[in-house]
Amino acid sequence: MDFFAHQDRARVTSRRLVSVFGLAVLAVVVAANLAAMALWSLVTGGAGYPAYFVATNAFVVLLIVAGGAWIELHRLGTGGSALALRIGAHALDEANPAHRRFRDVAEEVAVGAGVPVPALFVLDDPSINALAAGDRPAIAAVVVTRGALERLDRAQLQGVVAHEVSHVVGGDAALNLRLTSALYGLYSLRLAGQHLLDSALGGRQRSMLSLLKPIAAAGGALLSALGMLGVLAAQMLRAGIGRQREFLADATAVQITRDRDGLGSALRRIASEQLIAGPTTTAGGAGRRCDYRTLVSHFMLVQPARAGDWFDSHPPLAERIRRLYGRPMPPLRERTSAAATSDERASVASAAAPMVDRMVSWFRVPARMSGDDASGPAAGCSASEPDGAADCAPDPGAGPQTEPMRWAETMAIADDDRPAVPPLSATPASVLITRLRAAAVSREEASRWLCAIVAGAPAFKAEAESDPRIVAALRWLLSPAGVSLRVPVLELMLARLRRWSSAHRRELLERCRRAIEQDGRIESAEWVHYTLARHRLLPPGNGRWRARSIAPGRVAHSRALAALFAMAAALGETSARTTRDLLAETAALLAVPPPAATPDELDTAELAHALDTLESLPPLDKPILLRMLARMARAPEDSDFAAFVRAVAAAIDCPVPRAAARQAAARRDDPAALA
Amino acid sequence: MSSGLVLFVSMSLLPLVWGVAAYNRFVALRNRCENAFAQIDVQLRRRHDLIPNLVAATRGYLEHERRTLEAVIEARQGVADASGEARAHPRDPNAIAELERAEAKLAGPLGRLIALAESYPELQADETVRRLTDELTTTENRITFARQAYNDQAVTYNTGIQSFPASLIATMFDFRRTALLRPIEESAQRRAVAVAL
């Protein structure tokens, strides 16, 4: 595909279109004249027309149409920036990394398209959309919504910006501008007619002009009707052309970026959003937004409200996606890139104020939260938790739900039902955390410590450590006294180690695996710690699951559940009957076929596969699974089992619901439930 | 003057008009090609200007990785020489191939330097280094895009001068084919672009 050829084609189309528009305007003028002649003959009873009657009429009508068009052309045509500012967009903020990324992407695309870089703007709107304006490349502007910047990855943003730049390159913005202006010209004819009608009907009685009133009213009504007809026809014409231009811009965007998936997946993301929100989302929006949307809807990447008729300025999203991929593709779920953005946010946060800093300062607070110290960013609950709303409600004595608080939940330390755990700072393990926070910690040391904690006492070699305090800390953690803090310390270490490059994280995991397998067998605690480390260090969204495009079916989920519950039964020493009952109940809750039985033997590969399978569960089903799993615990304060639930939660990419611990306790209190 | 004469004259003028139009089109296409090639050169130069900055910013942290830094500097010098040659002969396939080879040599050490920078948390925390690596990432993309744009343009031009009957005009006025840019060392290029991750 060649965009110079497209440019030529756009010129031909626009020339044709302008001639059709000219015809439409001419038709309106002729119709207005005919109407005026008919009216005149009606009033005068067949007398001859005065001199210049037709010419004057035509001139007045043309003046109104052309004047309206001219005014609108100058209002919109001062360059794309004018339109962008008019709809409330802001210039880029160089301090904002997302804005800088947008600028980089736009400059790349401009190089690829061979046009100057357009003026760039950001519109403060949570939905994903973009628009291009400006009738020549030199004065063009590209506006992207805040939602697009936040929720699209680099390749997707590149596709979107390339689509908009394609509009600029193809002269679509100029074409649209002319069409809009002409439309406004016809519209002003309607307005003039309306005005005439209103003044005729509403004016006070005057002796001289009262005779002319019915004529004026009839003329106004006619003019208004003609203008309306012209506007309707012009709108349909414009929409039809616009739909073709969208296909063209999609194709050109792919030509510029040579990446079908960038734009394709961005469109699929939008498709899934429209599916969730329904076509009427914009109706409830703020007034300003509705205003700008109707004003510039034909400039935008996707049409906000889909009426699905001849007046649509955009082709159906599904059809665009089909043409891009050559076959229909399903909408893209929010989950993958939501994880990416939260990762990004986490990385930004850790760069500004390391997570470990906040964590450790919080740990000095006694186990029961006072609330005032937990002043992290108010991340709130994730929407994927069904209990999120309930858990988020102000809980007396629990303090505000801030991020450290959620961490505390994950660590199962601050829960009211639990025995107070000694604050970390009072234990020998605090040395370890302090050392990890220091900038000078070497990779070798950190990997050694992590291996020791993951693999337990056999992997710990005291002679390798130079600092006696570290030796004491690790010894204490690996002793029965430190067992309840082993996982929290592990989590803190992992939070720090996540900042390493992915290659080093993989290397570290490999080392941990070797440490575990050193003694020829894998204990359940080792497996739990390793699974936790693996999923914390290589979070989902790194292509672990997405690489396989086919999602596992219900039967696969059922098998995976059986494997998981077998492991839970082994850890929690649950009776076979309880296991069976809970497994059946869980399967019913998750709407998967009930598994036949739990496997008698399990290996780690099978378990890992089960966890990978369960990661594809619907987000809202995951907390249910975790809560049911927590009911398998022998006792609510069983820290081994809590670590297991936490590892599973990390593996299936879901926060640990706080209710999980409570339910376990309640179950134990209920003797009837104990088989 | 008879109408037959008028017809004859206008008929004989038609090919001339067509020939002039074809010639002008070829000139425009050739100039667009040269412009697209210059665009690659602009982006390459941008990368060359970035490299010393990146080396200077990371030198303090990477004192013991001196060899990588030196390799980057050396490869950059090689590219600078080759691009001078290519600039002198914009449509010479050999000069372009030479430049490509020098580029491929630079991509290796540069990729290593980026990987190194990524593995040092202290470096990642450094705002200057982060900006420079971002800048380098976008420059890599721009180079890719500029090459694509050049290739698209070259294909249009080549197709234009080879299509009959316009090819007659092209041969008459010595419009020659331009070479397309092809990846020479696939892996080296991949490594350079992998910075985006």
# chains A, B, ... in the order shown; residues from 1 in each chain; ligands from 1
$ interface_residues --of "chain B" --to "chain A" --cutoff "12 Å" --atoms "only C-alpha atoms" --output "ChimeraX atom specification"
/B:28-29,32-33,35-43,114-127,130-131,134-157,159,196-197
$ atom_distance --atom1 "atom CA of Ala570 of chain A" --atom2 "atom CA of Arg554 of chain A"
24.6 Å
$ residues_around --residues "Gln77 of chain B" --least-positions-apart "4" --cutoff "12 Å" --atoms "only C-alpha atoms" --output "ChimeraX atom specification"
/B:45,48-49,51-52,70-73,81-84,99,102-103,105-106
$ closest_residue --among "A:Ala133, A:Leu39, A:Val117, A:Leu537" --to "Ala173 of chain A" --atoms "only C-alpha atoms"
A:Ala133
$ residues_around --residues "Phe21 of chain A" --least-positions-apart "4" --cutoff "12 Å" --atoms "only C-alpha atoms" --output "PyMOL selection string"
chain A and resi 13-17+25-28+65+175+178-183+185-186+230-231+233-238
$ residues_around --residues "segment 466-475 of chain A" --least-positions-apart "2" --cutoff "9 Å" --atoms "only C-alpha atoms" --output "count of residues only"
20
$ residues_around --residues "Leu54 of chain B" --least-positions-apart "3" --cutoff "8 Å" --atoms "only C-alpha atoms" --output "VMD selection string"
chain B and resid 50 to 51 57 to 58 129 132 to 133
$ atom_distance --atom1 "atom CA of Leu583 of chain A" --atom2 "atom CA of Thr613 of chain A"
16.5 Å
$ decode --residues "segment 45-176 of chain B" --atoms "C-alpha atoms" --output "compact mmCIF listing (two decimals), in the first residue's frame"
# COMPACT_ATOMS: atom_id res chain seq x y z
CA ARG B 45 22.76 10.96 13.37
CA ARG B 46 20.37 11.48 16.25
CA ARG B 47 21.38 8.11 17.59
CA HIS B 48 25.05 8.94 17.16
CA ASP B 49 24.58 12.12 19.14
CA LEU B 50 22.83 10.22 21.88
CA ILE B 51 25.49 7.58 22.31
CA PRO B 52 28.24 9.76 23.83
CA ASN B 53 25.70 11.17 26.26
CA LEU B 54 24.61 7.73 27.33
CA VAL B 55 28.18 6.56 27.69
CA ALA B 56 29.04 9.63 29.75
CA ALA B 57 26.00 9.20 31.99
CA THR B 58 26.66 5.52 32.66
CA ARG B 59 30.44 5.70 32.91
CA GLY B 60 30.36 6.52 36.59
CA TYR B 61 28.36 3.39 37.37
CA LEU B 62 29.97 1.04 34.88
CA GLU B 63 33.62 1.66 35.63
CA HIS B 64 34.38 -2.06 35.49
CA GLU B 65 32.49 -2.52 32.19
CA ARG B 66 35.00 -0.37 30.36
CA ARG B 67 35.29 -2.82 27.49
CA THR B 68 31.62 -2.54 26.54
CA LEU B 69 31.78 1.23 26.61
CA GLU B 70 34.87 1.26 24.43
CA ALA B 71 33.26 -1.14 21.96
CA VAL B 72 30.26 1.16 21.65
CA ILE B 73 32.44 4.21 21.02
CA GLU B 74 34.51 2.34 18.45
CA ALA B 75 31.49 1.01 16.55
CA ARG B 76 29.98 4.46 16.54
CA GLN B 77 33.07 5.85 14.84
CA GLY B 78 32.76 3.15 12.19
CA VAL B 79 29.18 4.12 11.48
CA ALA B 80 30.10 7.78 11.25
CA ASP B 81 32.63 7.01 8.50
CA ALA B 82 30.24 4.77 6.57
CA SER B 83 27.38 7.23 6.73
CA GLY B 84 29.63 9.96 5.35
CA GLU B 85 30.25 7.69 2.36
CA ALA B 86 26.55 6.91 1.94
CA ARG B 87 25.63 10.56 2.19
CA ALA B 88 27.96 11.37 -0.68
CA HIS B 89 26.25 8.78 -2.91
CA PRO B 90 22.60 8.76 -1.87
CA ARG B 91 21.35 6.15 -4.35
CA ASP B 92 24.39 3.90 -4.48
CA PRO B 93 23.41 0.40 -3.28
CA ASN B 94 26.99 -0.37 -2.26
CA ALA B 95 27.29 2.65 -0.01
CA ILE B 96 23.98 1.76 1.60
CA ALA B 97 25.09 -1.84 2.15
CA GLU B 98 28.31 -0.59 3.75
CA LEU B 99 26.35 1.62 6.09
CA GLU B 100 24.12 -1.30 6.98
CA ARG B 101 27.08 -3.41 7.94
CA ALA B 102 28.50 -0.69 10.15
CA GLU B 103 25.06 -0.27 11.73
CA ALA B 104 24.88 -3.96 12.49
CA LYS B 105 28.25 -3.73 14.22
CA LEU B 106 27.01 -0.91 16.40
CA ALA B 107 23.79 -2.69 17.33
CA GLY B 108 25.62 -5.46 19.20
CA PRO B 109 27.62 -3.41 21.75
CA LEU B 110 24.78 -0.92 22.07
CA GLY B 111 22.35 -3.70 22.94
CA ARG B 112 24.79 -4.94 25.56
CA LEU B 113 25.12 -1.47 27.03
CA ILE B 114 21.34 -1.13 27.30
CA ALA B 115 21.07 -4.57 28.90
CA LEU B 116 23.76 -3.57 31.39
CA ALA B 117 22.03 -0.32 32.19
CA GLU B 118 18.83 -2.24 32.76
CA SER B 119 20.43 -4.66 35.20
CA TYR B 120 21.74 -1.97 37.52
CA PRO B 121 18.93 -0.67 39.72
CA GLU B 122 21.02 2.38 40.53
CA LEU B 123 21.22 3.18 36.83
CA GLN B 124 17.52 2.67 36.38
CA ALA B 125 16.86 5.08 39.19
CA ASP B 126 19.00 7.73 37.51
CA GLU B 127 16.65 10.13 35.76
CA THR B 128 19.19 11.12 33.10
CA VAL B 129 19.97 7.54 32.18
CA ARG B 130 16.28 6.67 32.06
CA ARG B 131 15.56 9.54 29.74
CA LEU B 132 18.50 8.65 27.54
CA THR B 133 17.45 5.01 27.25
CA ASP B 134 13.88 6.13 26.46
CA GLU B 135 15.28 8.45 23.86
CA LEU B 136 17.37 5.67 22.39
CA THR B 137 14.34 3.39 22.23
CA THR B 138 12.29 5.91 20.33
CA THR B 139 15.23 6.62 18.04
CA GLU B 140 15.52 2.95 17.19
CA ASN B 141 11.84 2.96 16.26
CA ARG B 142 12.30 6.06 14.18
CA ILE B 143 15.18 4.49 12.30
CA THR B 144 12.98 1.49 11.55
CA PHE B 145 10.12 3.69 10.41
CA ALA B 146 12.39 5.88 8.31
CA ARG B 147 13.75 2.79 6.59
CA GLN B 148 10.23 1.58 5.88
CA ALA B 149 9.25 4.95 4.49
CA TYR B 150 12.33 4.92 2.28
CA ASN B 151 11.57 1.42 1.03
CA ASP B 152 7.94 2.33 0.27
CA GLN B 153 9.12 5.35 -1.61
CA ALA B 154 11.79 3.43 -3.49
CA VAL B 155 9.22 0.81 -4.54
CA THR B 156 6.93 3.51 -5.92
CA TYR B 157 9.79 5.07 -7.80
CA ASN B 158 11.13 1.78 -9.16
CA THR B 159 7.68 0.67 -10.24
CA GLY B 160 7.16 4.02 -11.93
CA ILE B 161 10.33 3.94 -14.01
CA GLN B 162 9.93 0.29 -14.99
CA SER B 163 6.30 0.39 -16.13
CA PHE B 164 5.73 0.48 -19.85
CA PRO B 165 5.44 2.84 -21.70
CA ALA B 166 6.81 5.34 -19.19
CA SER B 167 9.96 3.21 -18.96
CA LEU B 168 10.92 4.62 -22.39
CA ILE B 169 11.11 8.10 -20.92
CA ALA B 170 13.00 6.76 -17.89
CA THR B 171 15.62 5.08 -20.08
CA MET B 172 15.93 8.15 -22.26
CA PHE B 173 16.71 10.41 -19.30
CA ASP B 174 18.67 7.86 -17.32
CA PHE B 175 16.45 7.35 -14.30
CA ARG B 176 18.04 4.41 -12.49
